[in-house]
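> This is structure38.cif (mmCIF, C-alpha atoms).
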```cif
data_data
loop_
_atom_site.group_PDB
_atom_site.id
_atom_site.type_symbol
_atom_site.label_atom_id
_atom_site.label_comp_id
_atom_site.auth_asym_id
_atom_site.auth_seq_id
_atom_site.Cartn_x
_atom_site.Cartn_y
_atom_site.Cartn_z
ATOM 1 C CA THR Y 1150 -108.589 -193.353 -44.975
ATOM 2 C CA THR Y 1151 -108.488 -196.976 -44.022
ATOM 3 C CA GLN Y 1152 -105.372 -198.513 -42.671
ATOM 4 C CA PHE Y 1153 -104.835 -202.206 -42.133
ATOM 5 C CA LEU Y 1154 -102.807 -203.255 -39.144
ATOM 6 C CA ALA Y 1155 -101.367 -206.665 -38.350
ATOM 7 C CA LEU Y 1156 -101.626 -207.763 -34.771
ATOM 8 C CA THR Y 1157 -99.606 -210.678 -33.455
ATOM 9 C CA ILE Y 1158 -100.614 -212.064 -30.132
ATOM 10 C CA ALA Y 1159 -97.666 -213.622 -28.352
ATOM 11 C CA PRO Y 1160 -98.312 -216.707 -26.289
ATOM 12 C CA ALA Y 1161 -98.026 -216.523 -22.540
ATOM 13 C CA PRO Y 1162 -94.515 -217.200 -21.275
ATOM 14 C CA LEU Y 1163 -93.613 -220.874 -21.012
ATOM 15 C CA HIS Y 1164 -93.341 -222.134 -17.455
ATOM 16 C CA VAL Y 1165 -93.442 -225.368 -15.473
ATOM 17 C CA THR Y 1166 -96.498 -225.644 -13.225
ATOM 18 C CA THR Y 1167 -95.546 -228.835 -11.341
ATOM 19 C CA ALA Y 1168 -95.290 -228.154 -7.613
ATOM 20 C CA SER Y 1169 -92.270 -229.144 -5.570
ATOM 21 C CA PRO Y 1170 -91.759 -231.403 -3.741
ATOM 22 C CA LEU Y 1171 -92.981 -234.227 -5.945
ATOM 23 C CA PRO Y 1172 -95.045 -236.959 -4.251
ATOM 24 C CA ASN Y 1173 -92.816 -239.312 -2.241
ATOM 25 C CA ALA Y 1174 -91.601 -242.550 -3.812
ATOM 26 C CA THR Y 1175 -90.860 -245.843 -2.056
ATOM 27 C CA LEU Y 1176 -87.768 -247.944 -2.628
ATOM 28 C CA GLY Y 1177 -88.552 -250.923 -4.869
ATOM 29 C CA VAL Y 1178 -92.133 -249.803 -5.616
ATOM 30 C CA TYR Y 1179 -93.180 -248.604 -9.092
ATOM 31 C CA TYR Y 1180 -93.430 -244.797 -9.223
ATOM 32 C CA SER Y 1181 -95.002 -242.554 -11.840
ATOM 33 C CA VAL Y 1182 -95.742 -238.827 -11.808
ATOM 34 C CA GLY Y 1183 -96.524 -236.477 -14.674
ATOM 35 C CA LEU Y 1184 -94.999 -233.029 -15.055
ATOM 36 C CA SER Y 1185 -97.023 -230.081 -16.328
ATOM 37 C CA ALA Y 1186 -96.403 -226.740 -18.000
ATOM 38 C CA ASN Y 1187 -98.356 -224.019 -19.700
ATOM 39 C CA GLY Y 1188 -97.732 -221.055 -21.968
ATOM 40 C CA GLY Y 1189 -95.400 -221.065 -24.924
ATOM 41 C CA LEU Y 1190 -96.354 -223.016 -28.029
ATOM 42 C CA PRO Y 1191 -97.311 -226.642 -27.365
ATOM 43 C CA PRO Y 1192 -96.465 -229.449 -27.821
ATOM 44 C CA TYR Y 1193 -93.854 -229.643 -25.085
ATOM 45 C CA SER Y 1194 -90.782 -231.824 -24.720
ATOM 46 C CA TRP Y 1195 -89.166 -232.621 -21.365
ATOM 47 C CA SER Y 1196 -85.605 -233.350 -20.288
ATOM 48 C CA LEU Y 1197 -83.299 -232.831 -17.336
ATOM 49 C CA ALA Y 1198 -81.823 -229.338 -17.361
ATOM 50 C CA PRO Y 1199 -78.059 -229.186 -18.065
ATOM 51 C CA ALA Y 1200 -77.194 -228.321 -14.433
ATOM 52 C CA SER Y 1201 -79.520 -230.947 -12.940
ATOM 53 C CA GLY Y 1202 -78.514 -233.591 -10.482
ATOM 54 C CA PRO Y 1203 -79.404 -237.148 -11.485
ATOM 55 C CA LEU Y 1204 -82.783 -238.739 -11.007
ATOM 56 C CA PRO Y 1205 -82.885 -241.452 -8.348
ATOM 57 C CA PRO Y 1206 -81.406 -244.665 -9.778
ATOM 58 C CA GLY Y 1207 -84.149 -246.679 -11.488
ATOM 59 C CA LEU Y 1208 -86.253 -243.634 -12.459
ATOM 60 C CA ASN Y 1209 -86.364 -242.031 -15.902
ATOM 61 C CA LEU Y 1210 -87.854 -238.840 -17.341
ATOM 62 C CA SER Y 1211 -89.647 -239.363 -20.664
ATOM 63 C CA THR Y 1212 -89.867 -236.620 -23.285
ATOM 64 C CA ASN Y 1213 -93.634 -236.474 -22.691
ATOM 65 C CA GLY Y 1214 -93.052 -235.411 -19.066
ATOM 66 C CA TRP Y 1215 -93.435 -238.574 -16.981
ATOM 67 C CA ILE Y 1216 -90.980 -239.546 -14.266
ATOM 68 C CA SER Y 1217 -91.398 -243.271 -13.788
ATOM 69 C CA GLY Y 1218 -89.690 -246.511 -12.873
ATOM 70 C CA ILE Y 1219 -88.715 -248.437 -9.756
ATOM 71 C CA PRO Y 1220 -86.463 -246.418 -7.408
ATOM 72 C CA LEU Y 1221 -83.329 -248.297 -6.357
ATOM 73 C CA ALA Y 1222 -81.930 -245.866 -3.753
ATOM 74 C CA THR Y 1223 -83.416 -243.964 -0.815
ATOM 75 C CA GLY Y 1224 -82.939 -240.349 0.184
ATOM 76 C CA PRO Y 1225 -83.730 -236.845 -0.984
ATOM 77 C CA PHE Y 1226 -83.033 -236.004 -4.613
ATOM 78 C CA GLY Y 1227 -82.983 -232.577 -6.260
ATOM 79 C CA ILE Y 1228 -83.428 -232.336 -10.006
ATOM 80 C CA SER Y 1229 -83.918 -229.536 -12.499
ATOM 81 C CA VAL Y 1230 -86.280 -230.297 -15.350
ATOM 82 C CA ARG Y 1231 -86.457 -228.422 -18.632
ATOM 83 C CA VAL Y 1232 -89.566 -228.004 -20.734
ATOM 84 C CA THR Y 1233 -89.083 -226.988 -24.360
ATOM 85 C CA ASP Y 1234 -91.977 -225.791 -26.532
ATOM 86 C CA SER Y 1235 -92.367 -226.098 -30.321
ATOM 87 C CA ALA Y 1236 -90.809 -222.620 -30.813
ATOM 88 C CA GLN Y 1237 -87.704 -223.802 -28.907
ATOM 89 C CA GLY Y 1238 -88.579 -221.701 -25.853
ATOM 90 C CA THR Y 1239 -87.398 -223.271 -22.599
ATOM 91 C CA ASN Y 1240 -88.091 -223.056 -18.892
ATOM 92 C CA ASP Y 1241 -86.127 -224.835 -16.154
ATOM 93 C CA TRP Y 1242 -87.649 -225.760 -12.803
ATOM 94 C CA PHE Y 1243 -86.128 -227.271 -9.653
ATOM 95 C CA LEU Y 1244 -87.979 -230.175 -8.044
ATOM 96 C CA THR Y 1245 -87.277 -232.323 -5.020
ATOM 97 C CA LEU Y 1246 -88.201 -235.968 -4.641
ATOM 98 C CA MET Y 1247 -87.920 -238.097 -1.498
ATOM 99 C CA VAL Y 1248 -87.487 -241.856 -1.915
ATOM 100 C CA ASN Y 1249 -88.452 -243.546 1.351
ATOM 101 C CA PRO Y 1250 -87.453 -247.022 2.501
ATOM 102 C CA PRO Y 1251 -90.283 -249.548 2.328
ATOM 103 C CA SER Y 1252 -92.547 -249.748 5.351
ATOM 104 C CA PRO Y 1253 -92.036 -252.898 7.356
ATOM 105 C CA PRO Y 1254 -94.842 -255.375 6.925
ATOM 106 C CA PRO Y 1255 -97.227 -255.612 9.857
ATOM 107 C CA VAL Y 1256 -96.303 -258.197 12.448
ATOM 108 C CA VAL Y 1257 -98.866 -260.959 12.636
ATOM 109 C CA LEU Y 1258 -98.971 -262.850 15.900
ATOM 110 C CA ASN Y 1259 -100.575 -266.251 15.330
ATOM 111 C CA ALA Y 1260 -103.200 -267.326 17.854
ATOM 112 C CA PRO Y 1261 -101.628 -269.246 20.746
ATOM 113 C CA THR Y 1262 -102.319 -272.940 21.003
ATOM 114 C CA ARG Y 1263 -101.912 -275.227 24.005
ATOM 115 C CA THR Y 1264 -99.397 -278.026 23.474
ATOM 116 C CA PRO Y 1265 -100.049 -281.575 24.754
ATOM 117 C CA SER Y 1266 -97.804 -280.757 27.725
ATOM 118 C CA GLY Y 1267 -100.035 -277.758 28.613
ATOM 119 C CA GLU Y 1268 -97.722 -274.959 27.427
ATOM 120 C CA PHE Y 1269 -98.962 -272.093 25.286
ATOM 121 C CA GLU Y 1270 -97.209 -271.758 21.932
ATOM 122 C CA PHE Y 1271 -97.440 -269.157 19.169
ATOM 123 C CA SER Y 1272 -95.347 -267.860 16.271
ATOM 124 C CA PHE Y 1273 -94.720 -264.666 14.321
ATOM 125 C CA ASN Y 1274 -92.444 -263.341 11.590
ATOM 126 C CA THR Y 1275 -89.592 -261.029 12.563
ATOM 127 C CA LEU Y 1276 -87.653 -258.273 10.847
ATOM 128 C CA SER Y 1277 -83.899 -258.465 11.144
ATOM 129 C CA GLY Y 1278 -82.537 -256.225 13.912
ATOM 130 C CA THR Y 1279 -85.965 -255.286 15.316
ATOM 131 C CA ASN Y 1280 -86.635 -255.742 19.056
ATOM 132 C CA TYR Y 1281 -89.725 -257.690 20.122
ATOM 133 C CA THR Y 1282 -91.035 -257.917 23.679
ATOM 134 C CA ILE Y 1283 -93.576 -260.648 24.401
ATOM 135 C CA GLN Y 1284 -96.053 -259.849 27.165
ATOM 136 C CA TYR Y 1285 -98.916 -261.796 28.693
ATOM 137 C CA ALA Y 1286 -101.957 -261.105 30.864
ATOM 138 C CA THR Y 1287 -104.734 -263.300 32.218
ATOM 139 C CA ALA Y 1288 -107.327 -260.695 31.142
ATOM 140 C CA LEU Y 1289 -107.326 -258.345 28.150
ATOM 141 C CA SER Y 1290 -107.507 -255.397 30.530
ATOM 142 C CA GLY Y 1291 -104.109 -256.381 31.970
ATOM 143 C CA PRO Y 1292 -101.921 -255.966 33.830
ATOM 144 C CA TRP Y 1293 -99.379 -256.998 31.170
ATOM 145 C CA THR Y 1294 -96.169 -258.766 32.203
ATOM 146 C CA SER Y 1295 -93.087 -258.930 29.959
ATOM 147 C CA VAL Y 1296 -91.761 -262.468 29.631
ATOM 148 C CA LEU Y 1297 -89.162 -262.249 26.883
ATOM 149 C CA THR Y 1298 -87.372 -259.740 24.648
ATOM 150 C CA ILE Y 1299 -85.697 -260.926 21.454
ATOM 151 C CA VAL Y 1300 -83.995 -259.334 18.465
ATOM 152 C CA GLY Y 1301 -85.513 -260.396 15.151
ATOM 153 C CA SER Y 1302 -83.459 -262.368 12.653
ATOM 154 C CA GLY Y 1303 -85.773 -261.896 9.684
ATOM 155 C CA ASN Y 1304 -87.136 -265.415 10.128
ATOM 156 C CA PRO Y 1305 -90.276 -266.778 11.792
ATOM 157 C CA VAL Y 1306 -90.015 -267.373 15.547
ATOM 158 C CA THR Y 1307 -91.990 -269.836 17.663
ATOM 159 C CA ILE Y 1308 -92.432 -268.971 21.321
ATOM 160 C CA ARG Y 1309 -93.398 -271.568 23.931
ATOM 161 C CA ASP Y 1310 -94.445 -270.317 27.362
ATOM 162 C CA PRO Y 1311 -93.462 -273.047 29.851
ATOM 163 C CA ASN Y 1312 -95.001 -271.152 32.808
ATOM 164 C CA SER Y 1313 -98.549 -271.158 31.498
ATOM 165 C CA SER Y 1314 -100.503 -272.764 34.306
ATOM 166 C CA ASP Y 1315 -103.342 -270.217 33.957
ATOM 167 C CA PRO Y 1316 -106.572 -271.502 32.348
ATOM 168 C CA GLN Y 1317 -106.251 -268.732 29.764
ATOM 169 C CA ARG Y 1318 -103.574 -266.248 28.739
ATOM 170 C CA PHE Y 1319 -103.539 -263.339 26.364
ATOM 171 C CA TYR Y 1320 -100.327 -262.406 24.576
ATOM 172 C CA ARG Y 1321 -99.208 -259.252 22.903
ATOM 173 C CA LEU Y 1322 -96.076 -258.241 21.087
ATOM 174 C CA LYS Y 1323 -94.416 -254.864 21.524
ATOM 175 C CA VAL Y 1324 -92.237 -253.898 18.572
ATOM 176 C CA GLY Y 1325 -89.308 -251.529 19.019
ATOM 177 C CA PRO Y 1326 -86.916 -250.442 21.735
#
```
Just dump the structure as structure tokens.

Amino acid sequence: TTQFLALTIAPAPLHVTTASPLPNATLGVYYSVGLSANGGLPPYSWSLAPASGPLPPGLNLSTNGWISGIPLATGPFGISVRVTDSAQGTNDWFLTLMVNPPSPPPVVLNAPTRTPSGEFEFSFNTLSGTNYTIQYATALSGPWTSVLTIVGSGNPVTIRDPNSSDPQRFYRLKVGP
């Protein structure tokens, strides 16, 4: 006798495949990362899970699985995302995201010039609250001598070295404590 059998192949279980932690974000800089899942019955829809903490302010999660926007707060954030497949299957997954403060811009020390009175003068931009120590040497190999330490105001600073009787001087700027 012949017997006909029906065989239903169930899809693999639905699960999020995005690794945690997510790539770091930077305060005030556009961020975009896609989430991924497999199994279940595509297409997928994404949302924050009911028990999730909030996304960093300025970021949003789209239903197609992209976290994007411009972060407005720094720190570590923990979120739970939910992927839902077309058969209404769900899977929740915990992810962490670190939003870092922006890196300070590099300090550019303008080349010193000799004033008509013979003093060396140069300028540079400062970051508010950052310590700067100006040093000089008569040769690049040193020895280096500290001449002034200032705390940055966030504005450009012009330094004039009144003790510059040497035919040449090299200057460097040490940033930090």
> Would you list the contacts of stretch 1286-1300 of chain Y as a ChimeraX atom specification, taking every protein, DNA or RNA residue within 12 Å and counting only C-alpha atoms, but skipping same-chain residues closer than 4 positions in sequence?
/Y:1274-1282,1304-1326
> Report the residues retrieved by the PyMOL selection byres ((chain Y and resi 1246) around 6) from the displayed file, expressed as a PDB file with C-alpha atoms, in the frame of the given file.

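result15.pdb, freshly written:
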```pdb
ATOM      1  CA  PRO Y1170     -91.759-231.403  -3.741  1.00  0.00           C
ATOM      2  CA  LEU Y1171     -92.981-234.227  -5.945  1.00  0.00           C
ATOM      3  CA  PRO Y1225     -83.730-236.845  -0.984  1.00  0.00           C
ATOM      4  CA  PHE Y1226     -83.033-236.004  -4.613  1.00  0.00           C
ATOM      5  CA  THR Y1245     -87.277-232.323  -5.020  1.00  0.00           C
ATOM      6  CA  MET Y1247     -87.920-238.097  -1.498  1.00  0.00           C
TER       7      MET Y1247
END
```
> Enter the distance from atom CA of Y:Val1165 to atom CA of Y:Leu1184, in Å, rounded to one decimal.
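The value is 7.8 Å.
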> Provide the atom CA of Y:Ser1181 to atom CA of Y:Leu1163 distance in Å, to one decimal place.
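We find that atom CA of Y:Ser1181 and atom CA of Y:Leu1163 lie 23.6 Å from each other.
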> Would you please work out which residue, of Y:Thr1157, Y:Gln1152, Y:Asn1259, Y:Thr1212, is nearest to Y:Arg1231 when using only C-alpha atoms?
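Checking each candidate against Y:Arg1231, we get Y:Thr1212 as the closest.
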> Just how far from atom CA of Y:Thr1239 is atom CA of Y:Ala1159, in Å to one decimal?
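The value is 15.2 Å.
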> Y:Leu1156, Y:Ile1228, Y:Ala1168, Y:Leu1258: which is nearest Y:Asn1209, counting all atoms listed in the file?
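Closest candidate: Y:Ile1228.
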> Between Y:Ala1174, Y:Gly1207, Y:Asn1249, Y:Gly1214, which residue has the minimum interatomic distance to Y:Pro1192, considering only C-alpha atoms?
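Looking at the shortest contact to Y:Pro1192, the residue is Y:Gly1214.
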> With only C-alpha atoms as the basis for distance, which of Y:Gln1284, Y:Thr1150, Y:Ser1235, Y:Asn1173 is at the shortest distance from Y:Ser1194?
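Looking at the shortest contact to Y:Ser1194, the residue is Y:Ser1235.
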> Name the residues within 10 Å of (-81.8, -252.3, -7.0), counting all atoms listed in the file in the file's coordinates, and put them as a PyMOL selection string.
chain Y and resi 1176-1177+1206-1207+1219-1222
> Centre and edge lengths, as lines of an AutoDock Vina configuration file, for the axis-aligned box enclosing every listed atom of stretch 1225-1239 of chain Y with 8 Å of padding on each of the six sides, in Å to one decimal?

```
center_x = -87.7
center_y = -229.3
center_z = -15.9
size_x = 25.4
size_y = 31.1
size_z = 45.8
```
> Nearest to Y:Ser1217: which of Y:Tyr1179, Y:Pro1191, Y:Pro1250, Y:Gly1202 is it, counting all atoms listed in the file?
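Using all atoms listed in the file, the shortest distance to Y:Ser1217 belongs to Y:Tyr1179.
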> Starting from the shown file, work through the PyMOL selection byres ((chain Y and resi 1238) around 9) and note down what comes out as an mmCIF file with C-alpha atoms, keeping the file's coordinate frame.

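Result file follows (result_7.cif):
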```
data_model
loop_
_atom_site.group_PDB
_atom_site.id
_atom_site.type_symbol
_atom_site.label_atom_id
_atom_site.label_comp_id
_atom_site.auth_asym_id
_atom_site.auth_seq_id
_atom_site.Cartn_x
_atom_site.Cartn_y
_atom_site.Cartn_z
ATOM 1 C CA PRO Y 1162 -94.515 -217.200 -21.275
ATOM 2 C CA LEU Y 1163 -93.613 -220.874 -21.012
ATOM 3 C CA GLY Y 1189 -95.400 -221.065 -24.924
ATOM 4 C CA LEU Y 1190 -96.354 -223.016 -28.029
ATOM 5 C CA VAL Y 1232 -89.566 -228.004 -20.734
ATOM 6 C CA THR Y 1233 -89.083 -226.988 -24.360
ATOM 7 C CA ASP Y 1234 -91.977 -225.791 -26.532
ATOM 8 C CA SER Y 1235 -92.367 -226.098 -30.321
ATOM 9 C CA ALA Y 1236 -90.809 -222.620 -30.813
ATOM 10 C CA GLN Y 1237 -87.704 -223.802 -28.907
ATOM 11 C CA THR Y 1239 -87.398 -223.271 -22.599
ATOM 12 C CA ASN Y 1240 -88.091 -223.056 -18.892
#
```
> Name the residues that the PyMOL selection byres ((chain Y and resi 1200) around 12) picks from the file above, as an NGL selection string, using the file's chain letters and numbers.
:Y and (1196-1199 or 1201-1203 or 1227-1231 or 1241-1243)
> For Y:Leu1208, which residue among Y:Phe1273, Y:Pro1265, Y:Thr1166, Y:Thr1223 is the nearest when counting only C-alpha atoms?
Y:Thr1223
> For stretch 1310-1321 of chain Y, supply all heavy atoms and report the output as an mmCIF file, in the coordinates of the input.

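And here's selection.cif as it stands now:
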```cif
data_model
loop_
_atom_site.group_PDB
_atom_site.id
_atom_site.type_symbol
_atom_site.label_atom_id
_atom_site.label_comp_id
_atom_site.auth_asym_id
_atom_site.auth_seq_id
_atom_site.Cartn_x
_atom_site.Cartn_y
_atom_site.Cartn_z
ATOM 1 N N ASP Y 1310 -94.419 -270.837 25.993
ATOM 2 C CA ASP Y 1310 -94.445 -270.317 27.362
ATOM 3 C C ASP Y 1310 -94.554 -271.500 28.324
ATOM 4 O O ASP Y 1310 -95.631 -272.073 28.506
ATOM 5 C CB ASP Y 1310 -95.627 -269.359 27.519
ATOM 6 C CG ASP Y 1310 -95.678 -268.692 28.883
ATOM 7 O OD1 ASP Y 1310 -94.837 -269.022 29.752
ATOM 8 O OD2 ASP Y 1310 -96.558 -267.844 29.084
ATOM 9 N N PRO Y 1311 -93.426 -271.878 28.967
ATOM 10 C CA PRO Y 1311 -93.462 -273.047 29.851
ATOM 11 C C PRO Y 1311 -94.138 -272.768 31.190
ATOM 12 O O PRO Y 1311 -94.427 -273.697 31.935
ATOM 13 C CB PRO Y 1311 -91.979 -273.369 30.055
ATOM 14 C CG PRO Y 1311 -91.297 -272.054 29.891
ATOM 15 C CD PRO Y 1311 -92.113 -271.293 28.873
ATOM 16 N N ASN Y 1312 -94.413 -271.520 31.507
ATOM 17 C CA ASN Y 1312 -95.001 -271.152 32.808
ATOM 18 C C ASN Y 1312 -96.487 -270.859 32.687
ATOM 19 O O ASN Y 1312 -97.017 -270.030 33.408
ATOM 20 C CB ASN Y 1312 -94.270 -269.929 33.379
ATOM 21 C CG ASN Y 1312 -92.788 -270.191 33.545
ATOM 22 O OD1 ASN Y 1312 -92.389 -271.234 34.033
ATOM 23 N ND2 ASN Y 1312 -91.986 -269.255 33.096
ATOM 24 N N SER Y 1313 -97.156 -271.504 31.776
ATOM 25 C CA SER Y 1313 -98.549 -271.158 31.498
ATOM 26 C C SER Y 1313 -99.519 -272.080 32.221
ATOM 27 O O SER Y 1313 -100.207 -272.877 31.618
ATOM 28 C CB SER Y 1313 -98.796 -271.185 29.990
ATOM 29 O OG SER Y 1313 -98.378 -272.414 29.451
ATOM 30 N N SER Y 1314 -99.581 -271.945 33.522
ATOM 31 C CA SER Y 1314 -100.503 -272.764 34.306
ATOM 32 C C SER Y 1314 -101.899 -272.133 34.394
ATOM 33 O O SER Y 1314 -102.832 -272.746 34.886
ATOM 34 C CB SER Y 1314 -99.938 -272.984 35.710
ATOM 35 O OG SER Y 1314 -99.750 -271.723 36.341
ATOM 36 N N ASP Y 1315 -102.040 -270.888 33.924
ATOM 37 C CA ASP Y 1315 -103.342 -270.217 33.957
ATOM 38 C C ASP Y 1315 -104.303 -270.906 32.985
ATOM 39 O O ASP Y 1315 -103.886 -271.420 31.951
ATOM 40 C CB ASP Y 1315 -103.186 -268.749 33.543
ATOM 41 C CG ASP Y 1315 -102.216 -268.002 34.435
ATOM 42 O OD1 ASP Y 1315 -102.356 -268.112 35.667
ATOM 43 O OD2 ASP Y 1315 -101.315 -267.335 33.886
ATOM 44 N N PRO Y 1316 -105.626 -270.889 33.272
ATOM 45 C CA PRO Y 1316 -106.572 -271.502 32.348
ATOM 46 C C PRO Y 1316 -106.624 -270.773 31.000
ATOM 47 O O PRO Y 1316 -106.937 -271.361 29.994
ATOM 48 C CB PRO Y 1316 -107.909 -271.414 33.067
ATOM 49 C CG PRO Y 1316 -107.716 -270.476 34.206
ATOM 50 C CD PRO Y 1316 -106.254 -270.376 34.478
ATOM 51 N N GLN Y 1317 -106.329 -269.476 31.026
ATOM 52 C CA GLN Y 1317 -106.251 -268.732 29.764
ATOM 53 C C GLN Y 1317 -105.181 -267.654 29.904
ATOM 54 O O GLN Y 1317 -104.929 -267.144 30.987
ATOM 55 C CB GLN Y 1317 -107.588 -268.102 29.387
ATOM 56 C CG GLN Y 1317 -108.016 -266.946 30.262
ATOM 57 C CD GLN Y 1317 -109.322 -266.321 29.769
ATOM 58 O OE1 GLN Y 1317 -110.006 -266.872 28.929
ATOM 59 N NE2 GLN Y 1317 -109.660 -265.186 30.320
ATOM 60 N N ARG Y 1318 -104.570 -267.327 28.784
ATOM 61 C CA ARG Y 1318 -103.574 -266.248 28.739
ATOM 62 C C ARG Y 1318 -103.764 -265.483 27.446
ATOM 63 O O ARG Y 1318 -104.097 -266.067 26.416
ATOM 64 C CB ARG Y 1318 -102.149 -266.793 28.793
ATOM 65 C CG ARG Y 1318 -101.648 -267.030 30.195
ATOM 66 C CD ARG Y 1318 -100.153 -267.142 30.201
ATOM 67 N NE ARG Y 1318 -99.689 -267.229 31.573
ATOM 68 C CZ ARG Y 1318 -98.428 -267.190 31.927
ATOM 69 N NH1 ARG Y 1318 -97.485 -267.089 31.027
ATOM 70 N NH2 ARG Y 1318 -98.094 -267.262 33.182
ATOM 71 N N PHE Y 1319 -103.541 -264.203 27.537
ATOM 72 C CA PHE Y 1319 -103.539 -263.339 26.364
ATOM 73 C C PHE Y 1319 -102.101 -262.890 26.151
ATOM 74 O O PHE Y 1319 -101.373 -262.617 27.110
ATOM 75 C CB PHE Y 1319 -104.445 -262.124 26.580
ATOM 76 C CG PHE Y 1319 -105.875 -262.508 26.787
ATOM 77 C CD1 PHE Y 1319 -106.379 -262.717 28.068
ATOM 78 C CD2 PHE Y 1319 -106.720 -262.678 25.709
ATOM 79 C CE1 PHE Y 1319 -107.690 -263.085 28.260
ATOM 80 C CE2 PHE Y 1319 -108.044 -263.040 25.893
ATOM 81 C CZ PHE Y 1319 -108.539 -263.241 27.180
ATOM 82 N N TYR Y 1320 -101.693 -262.819 24.895
ATOM 83 C CA TYR Y 1320 -100.327 -262.406 24.576
ATOM 84 C C TYR Y 1320 -100.376 -261.192 23.671
ATOM 85 O O TYR Y 1320 -101.299 -261.023 22.874
ATOM 86 C CB TYR Y 1320 -99.572 -263.541 23.851
ATOM 87 C CG TYR Y 1320 -99.341 -264.731 24.738
ATOM 88 C CD1 TYR Y 1320 -100.254 -265.763 24.800
ATOM 89 C CD2 TYR Y 1320 -98.200 -264.807 25.526
ATOM 90 C CE1 TYR Y 1320 -100.051 -266.858 25.616
ATOM 91 C CE2 TYR Y 1320 -97.971 -265.900 26.350
ATOM 92 C CZ TYR Y 1320 -98.905 -266.915 26.395
ATOM 93 O OH TYR Y 1320 -98.692 -267.995 27.207
ATOM 94 N N ARG Y 1321 -99.365 -260.366 23.828
ATOM 95 C CA ARG Y 1321 -99.208 -259.252 22.903
ATOM 96 C C ARG Y 1321 -97.719 -259.095 22.632
ATOM 97 O O ARG Y 1321 -96.871 -259.541 23.405
ATOM 98 C CB ARG Y 1321 -99.847 -257.969 23.412
ATOM 99 C CG ARG Y 1321 -99.131 -257.277 24.537
ATOM 100 C CD ARG Y 1321 -99.865 -255.996 24.920
ATOM 101 N NE ARG Y 1321 -99.155 -255.276 25.961
ATOM 102 C CZ ARG Y 1321 -99.608 -254.177 26.534
ATOM 103 N NH1 ARG Y 1321 -100.786 -253.685 26.169
ATOM 104 N NH2 ARG Y 1321 -98.914 -253.568 27.477
#
```
